[in-house]
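Here's data.cif, which has mmCIF, C-alpha atoms:
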data_my_file
#
loop_
_atom_site.group_PDB
_atom_site.id
_atom_site.type_symbol
_atom_site.label_atom_id
_atom_site.label_comp_id
_atom_site.auth_asym_id
_atom_site.auth_seq_id
_atom_site.Cartn_x
_atom_site.Cartn_y
_atom_site.Cartn_z
ATOM 1 C CA MET A 1 11.742 10.044 -10.126
ATOM 2 C CA LYS A 2 9.714 10.815 -7.034
ATOM 3 C CA THR A 3 6.511 9.013 -6.063
ATOM 4 C CA GLU A 4 4.366 9.943 -3.070
ATOM 5 C CA ILE A 5 2.197 7.102 -1.763
ATOM 6 C CA VAL A 6 -0.524 7.178 0.889
ATOM 7 C CA LEU A 7 -1.746 3.886 2.347
ATOM 8 C CA CYS A 8 -4.875 4.453 4.406
ATOM 9 C CA GLY A 9 -7.676 2.578 6.094
ATOM 10 C CA VAL A 10 -8.329 1.521 9.659
ATOM 11 C CA GLY A 11 -6.055 0.021 12.273
ATOM 12 C CA GLY A 12 -5.441 -3.694 11.935
ATOM 13 C CA GLN A 13 -5.296 -3.705 8.117
ATOM 14 C CA GLY A 14 -1.493 -3.887 8.042
ATOM 15 C CA LEU A 15 -0.894 -0.559 6.345
ATOM 16 C CA ILE A 16 2.155 0.275 8.438
ATOM 17 C CA SER A 17 3.656 -3.131 7.611
ATOM 18 C CA VAL A 18 3.087 -2.535 3.893
ATOM 19 C CA GLY A 19 4.744 0.880 4.200
ATOM 20 C CA GLU A 20 7.713 -0.771 5.907
ATOM 21 C CA ILE A 21 7.941 -3.368 3.126
ATOM 22 C CA ILE A 22 7.944 -0.649 0.449
ATOM 23 C CA GLY A 23 10.613 1.304 2.320
ATOM 24 C CA LEU A 24 12.800 -1.751 2.919
ATOM 25 C CA ALA A 25 12.497 -2.896 -0.684
ATOM 26 C CA ALA A 26 13.408 0.551 -1.969
ATOM 27 C CA SER A 27 16.189 1.512 0.420
ATOM 28 C CA LEU A 28 17.871 -1.851 1.046
ATOM 29 C CA PHE A 29 17.159 -4.009 -1.981
ATOM 30 C CA GLU A 30 16.893 -1.606 -4.943
ATOM 31 C CA GLU A 31 19.789 0.308 -6.385
ATOM 32 C CA ARG A 32 19.904 4.045 -5.811
ATOM 33 C CA LEU A 33 16.471 4.578 -4.273
ATOM 34 C CA TYR A 34 15.663 6.591 -1.185
ATOM 35 C CA ALA A 35 12.567 6.132 0.955
ATOM 36 C CA THR A 36 10.846 7.846 3.852
ATOM 37 C CA MET A 37 7.858 6.654 5.825
ATOM 38 C CA THR A 38 5.629 8.318 8.368
ATOM 39 C CA ALA A 39 2.603 6.768 10.016
ATOM 40 C CA SER A 40 -0.410 8.051 11.905
ATOM 41 C CA TYR A 41 -2.962 5.969 13.771
ATOM 42 C CA GLY A 42 -5.446 6.169 16.611
ATOM 43 C CA SER A 43 -4.427 5.128 20.097
ATOM 44 C CA GLU A 44 -6.767 2.123 19.912
ATOM 45 C CA THR A 45 -4.896 0.948 16.740
ATOM 46 C CA ARG A 46 -7.648 -1.472 15.644
ATOM 47 C CA GLY A 47 -10.656 0.026 13.909
ATOM 48 C CA THR A 48 -9.621 3.689 13.961
ATOM 49 C CA PHE A 49 -8.291 5.696 11.012
ATOM 50 C CA THR A 50 -4.705 4.948 10.116
ATOM 51 C CA LYS A 51 -2.383 6.053 7.355
ATOM 52 C CA THR A 52 1.140 5.519 6.217
ATOM 53 C CA ASP A 53 2.914 7.961 3.910
ATOM 54 C CA VAL A 54 5.785 6.611 1.824
ATOM 55 C CA ILE A 55 7.939 8.635 -0.533
ATOM 56 C CA LEU A 56 10.262 6.942 -3.021
ATOM 57 C CA SER A 57 12.848 8.941 -4.901
ATOM 58 C CA ASP A 58 16.093 8.627 -6.785
ATOM 59 C CA GLN A 59 17.236 11.771 -4.918
ATOM 60 C CA PRO A 60 17.549 12.374 -1.148
ATOM 61 C CA ILE A 61 14.164 13.291 0.361
ATOM 62 C CA GLY A 62 14.091 16.530 2.336
ATOM 63 C CA TYR A 63 10.467 16.590 3.492
ATOM 64 C CA PRO A 64 8.631 13.390 4.537
ATOM 65 C CA ASN A 65 5.032 14.620 4.483
ATOM 66 C CA ILE A 66 2.590 14.259 1.593
ATOM 67 C CA ASP A 67 0.006 16.880 0.685
ATOM 68 C CA SER A 68 -1.124 15.590 -2.702
ATOM 69 C CA PRO A 69 -0.387 11.891 -3.324
ATOM 70 C CA ASP A 70 0.584 10.348 -6.646
ATOM 71 C CA VAL A 71 -0.777 6.999 -5.451
ATOM 72 C CA ILE A 72 -3.306 6.307 -2.727
ATOM 73 C CA LEU A 73 -4.585 3.009 -1.390
ATOM 74 C CA CYS A 74 -7.912 3.181 0.455
ATOM 75 C CA LEU A 75 -8.957 0.055 2.345
ATOM 76 C CA ALA A 76 -11.841 1.695 4.237
ATOM 77 C CA GLN A 77 -14.529 4.242 3.437
ATOM 78 C CA VAL A 78 -13.384 6.601 6.205
ATOM 79 C CA ALA A 79 -9.957 6.749 4.554
ATOM 80 C CA TYR A 80 -11.388 7.442 1.112
ATOM 81 C CA GLU A 81 -13.594 10.237 2.474
ATOM 82 C CA ARG A 82 -10.641 11.823 4.241
ATOM 83 C CA TYR A 83 -8.551 12.009 1.059
ATOM 84 C CA LYS A 84 -10.996 12.396 -1.840
ATOM 85 C CA ASP A 85 -10.557 16.181 -1.927
ATOM 86 C CA LYS A 86 -6.767 15.768 -2.285
ATOM 87 C CA PHE A 87 -6.967 13.646 -5.447
ATOM 88 C CA ARG A 88 -5.512 15.272 -8.532
ATOM 89 C CA ASP A 89 -6.657 14.286 -12.023
ATOM 90 C CA ASP A 90 -3.592 12.055 -12.327
ATOM 91 C CA THR A 91 -3.687 10.543 -8.815
ATOM 92 C CA GLU A 92 -3.970 6.775 -8.968
ATOM 93 C CA VAL A 93 -6.584 5.688 -6.433
ATOM 94 C CA TYR A 94 -6.585 1.992 -5.546
ATOM 95 C CA TYR A 95 -9.481 0.912 -3.374
ATOM 96 C CA ASP A 96 -11.121 -2.181 -1.945
ATOM 97 C CA THR A 97 -14.504 -2.661 -3.630
ATOM 98 C CA ASP A 98 -15.634 -4.634 -0.562
ATOM 99 C CA MET A 99 -15.042 -1.633 1.698
ATOM 100 C CA VAL A 100 -15.150 1.579 -0.364
ATOM 101 C CA ILE A 101 -17.754 3.251 -2.567
ATOM 102 C CA PRO A 102 -16.016 5.901 -4.691
ATOM 103 C CA ALA A 103 -17.533 9.374 -4.803
ATOM 104 C CA GLU A 104 -19.240 10.262 -8.043
ATOM 105 C CA GLY A 105 -17.160 12.759 -9.987
ATOM 106 C CA ALA A 106 -14.106 12.385 -7.753
ATOM 107 C CA LYS A 107 -10.798 13.256 -9.383
ATOM 108 C CA GLY A 108 -8.163 10.638 -9.984
ATOM 109 C CA LYS A 109 -7.853 7.395 -11.869
ATOM 110 C CA HIS A 110 -9.755 4.831 -9.814
ATOM 111 C CA PHE A 111 -8.819 1.140 -9.708
ATOM 112 C CA GLY A 112 -11.154 -1.042 -7.661
ATOM 113 C CA TYR A 113 -10.429 -4.614 -6.569
ATOM 114 C CA ALA A 114 -12.072 -6.927 -4.062
ATOM 115 C CA PHE A 115 -8.905 -7.152 -1.963
ATOM 116 C CA ARG A 116 -10.688 -8.434 1.148
ATOM 117 C CA THR A 117 -12.558 -11.173 -0.727
ATOM 118 C CA MET A 118 -9.432 -12.214 -2.642
ATOM 119 C CA SER A 119 -7.499 -12.381 0.619
ATOM 120 C CA ILE A 120 -10.084 -14.696 2.193
ATOM 121 C CA GLU A 121 -10.165 -16.895 -0.909
ATOM 122 C CA THR A 122 -6.362 -17.032 -1.177
ATOM 123 C CA THR A 123 -5.232 -17.244 2.463
ATOM 124 C CA GLY A 124 -8.361 -17.989 4.494
ATOM 125 C CA ASN A 125 -8.362 -14.607 6.254
ATOM 126 C CA THR A 126 -8.441 -10.884 5.539
ATOM 127 C CA GLN A 127 -4.893 -10.151 6.707
ATOM 128 C CA ALA A 128 -3.321 -10.389 3.242
ATOM 129 C CA ALA A 129 -5.607 -7.832 1.546
ATOM 130 C CA ASN A 130 -2.921 -5.197 2.037
ATOM 131 C CA THR A 131 -0.288 -7.342 0.345
ATOM 132 C CA ILE A 132 -2.525 -8.130 -2.624
ATOM 133 C CA ALA A 133 -3.050 -4.378 -2.979
ATOM 134 C CA LEU A 134 0.713 -3.820 -2.825
ATOM 135 C CA GLY A 135 1.156 -6.278 -5.695
ATOM 136 C CA VAL A 136 -1.445 -4.449 -7.786
ATOM 137 C CA ILE A 137 0.218 -1.081 -7.175
ATOM 138 C CA ILE A 138 3.691 -2.429 -7.987
ATOM 139 C CA HIS A 139 2.314 -4.063 -11.153
ATOM 140 C CA HIS A 140 0.637 -0.846 -12.350
ATOM 141 C CA ARG A 141 3.383 1.599 -11.350
ATOM 142 C CA HIS A 142 6.556 -0.481 -11.797
ATOM 143 C CA LEU A 143 7.947 1.201 -8.681
ATOM 144 C CA LEU A 144 10.008 -1.699 -7.391
ATOM 145 C CA HIS A 145 11.297 -5.007 -8.656
ATOM 146 C CA LYS A 146 9.481 -8.149 -7.500
ATOM 147 C CA GLU A 147 12.750 -9.572 -6.152
ATOM 148 C CA ALA A 148 13.345 -6.508 -3.959
ATOM 149 C CA VAL A 149 9.873 -6.819 -2.424
ATOM 150 C CA MET A 150 10.365 -10.553 -1.814
ATOM 151 C CA LYS A 151 13.667 -9.803 -0.051
ATOM 152 C CA ALA A 152 11.875 -7.157 2.034
ATOM 153 C CA PHE A 153 9.282 -9.746 3.145
ATOM 154 C CA ALA A 154 12.062 -12.138 4.137
ATOM 155 C CA HIS A 155 13.882 -9.363 6.023
ATOM 156 C CA ARG A 156 10.805 -7.917 7.792
ATOM 157 C CA PHE A 157 9.359 -11.295 8.803
ATOM 158 C CA ALA A 158 12.630 -13.200 9.356
ATOM 159 C CA GLY A 159 12.043 -16.503 11.151
ATOM 160 C CA ARG A 160 8.308 -16.443 10.459
ATOM 161 C CA ASP A 161 8.237 -18.648 7.393
ATOM 162 C CA GLN A 162 4.459 -19.069 7.280
ATOM 163 C CA ILE A 163 3.908 -15.293 7.247
ATOM 164 C CA ILE A 164 6.546 -14.885 4.537
ATOM 165 C CA ALA A 165 4.870 -17.587 2.425
ATOM 166 C CA ILE A 166 1.397 -16.015 2.816
ATOM 167 C CA ASN A 167 2.720 -12.581 1.874
ATOM 168 C CA GLU A 168 4.617 -13.906 -1.135
ATOM 169 C CA LYS A 169 1.480 -15.727 -2.354
ATOM 170 C CA ALA A 170 -0.722 -12.646 -1.850
ATOM 171 C CA PHE A 171 1.858 -10.370 -3.493
ATOM 172 C CA GLY A 172 2.063 -12.720 -6.478
ATOM 173 C CA LEU A 173 -1.721 -12.608 -6.851
ATOM 174 C CA GLY A 174 -1.651 -8.804 -6.825
ATOM 175 C CA LEU A 175 1.093 -8.747 -9.450
ATOM 176 C CA SER A 176 -1.067 -10.903 -11.739
ATOM 177 C CA LEU A 177 -4.097 -8.591 -11.675
ATOM 178 C CA GLU A 178 -4.732 -6.075 -14.440
#

Just dump the structure as structure tokens.
Amino acid sequence: MKTEIVLCGVGGQGLISVGEIIGLAASLFEERLYATMTASYGSETRGTFTKTDVILSDQPIGYPNIDSPDVILCLAQVAYERYKDKFRDDTEVYYDTDMVIPAEGAKGKHFGYAFRTMSIETTGNTQAANTIALGVIIHHRHLLHKEAVMKAFAHRFAGRDQIIAINEKAFGLGLSLE
């Protein structure tokens, strides 16, 4: 089992944090999973293109870069445009319908959700859109166990109970979506 995931959008959308959560859940709280993560973002960090590559595998990972993702999350149009030519027919493309208009005829299996709107309705701000998206991806792909992700939230945000609670609520919403 090897899954290559690209999380992309613009700075400030929490894509690096989501990549860290996936990596923590896989490498610390799942049995026999390996994870790598690389991130790239503009020097301004907010509003410029950003991406996080995560690879999960049941074997040691020798090369951390992704050329053709199995799963891609696009939370901004600039991110979608940058990757649309790398989609394979079987690439699962998750995107925010509030922020992305898919290209007509683009390869991949597209799954659109109003992550931004759901985040505002659920938490009162847009900061949890990334976590709702994580829940959707985990639900569709069965990559990680819910308990491992919850432990990763607690580990990553230790001592910040309100942030943990918001992320757990948003993640639960994502898990419930078809």

Atom CA of A:Asp58 sits from atom CA of A:Leu143 at a separation of 11.2 Å

### Task
Mind checking which residues fall within 9 Å of A:Ile21, counting only C-alpha atoms, ignoring those fewer than 2 positions away in the same chain, and posting them as a ChimeraX atom specification?
/A:16-19,23-26,149,152-153,155-156

re atom CA of A:Glu168 and atom CA of A:Cys8: distance 21.4 Å

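For A:Ile5, the non-local neighbours within 7 Å, defined as residues at least 5 positions apart in the same chain or in other chains and counting only C-alpha atoms, are Asp53, Val54, Ile55, Pro69, Asp70, Val71 and Ile72 of chain A.
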
Checklist line | Spatial neighbours of A:Phe115, 9 Å, all atoms listed in the file, chain gap at least 6 places, as a ChimeraX atom specification | finding: /A:75,95-98,126,128-133,174

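For the pair atom CA of A:Val93 and atom CA of A:Ala154, the interatomic distance is 27.9 Å.
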
Quick one: everything within 10 Å of A:Leu144, counting all atoms listed in the file, minus sequence neighbours fewer than 4 positions away in the same chain. Send it as a ChimeraX atom specification. /A:22,25-26,29-30,33,56,137-139,148-149

Serialized selection, C-alpha atoms, as a tab-separated table (two decimals), in the coordinates of the input:
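See out.tsv below for the written result:
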chain	number	residue	atom	x	y	z
A	22	ILE	CA	7.94	-0.65	0.45
A	25	ALA	CA	12.50	-2.90	-0.68
A	26	ALA	CA	13.41	0.55	-1.97
A	29	PHE	CA	17.16	-4.01	-1.98
A	30	GLU	CA	16.89	-1.61	-4.94
A	33	LEU	CA	16.47	4.58	-4.27
A	56	LEU	CA	10.26	6.94	-3.02
A	137	ILE	CA	0.22	-1.08	-7.18
A	138	ILE	CA	3.69	-2.43	-7.99
A	139	HIS	CA	2.31	-4.06	-11.15
A	148	ALA	CA	13.34	-6.51	-3.96
A	149	VAL	CA	9.87	-6.82	-2.42

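Using all atoms listed in the file, the shortest contact distance between A:Gly112 and any of A:Tyr94, A:Phe87, A:Phe157, A:Phe171 is found at A:Tyr94.
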
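Excluding A:Ser176 itself and any same-chain residue fewer than 4 positions from it, the protein and nucleic acid residues within 8 Å of it, counting only C-alpha atoms, are Gly135, Val136, His139 and Gly172 of chain A.
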
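For the structure shown here, the set of residues caught by the PyMOL selection byres ((chain A and resi 107) around 6) is Phe87, Arg88, Asp89, Ala106 and Gly108 of chain A.
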
Using only C-alpha atoms, the shortest atom-to-atom distance to A:Glu4 among A:Arg141, A:Tyr80, A:Arg116, A:Lys109 belongs to A:Arg141

Q. Of the candidates A:Met99, A:Ile163, A:Ala170, A:Leu73, which shows the shortest atom-to-atom distance to A:Met118, using all atoms listed in the file?
A.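 Closest residue, counting all atoms listed in the file: A:Ala170.
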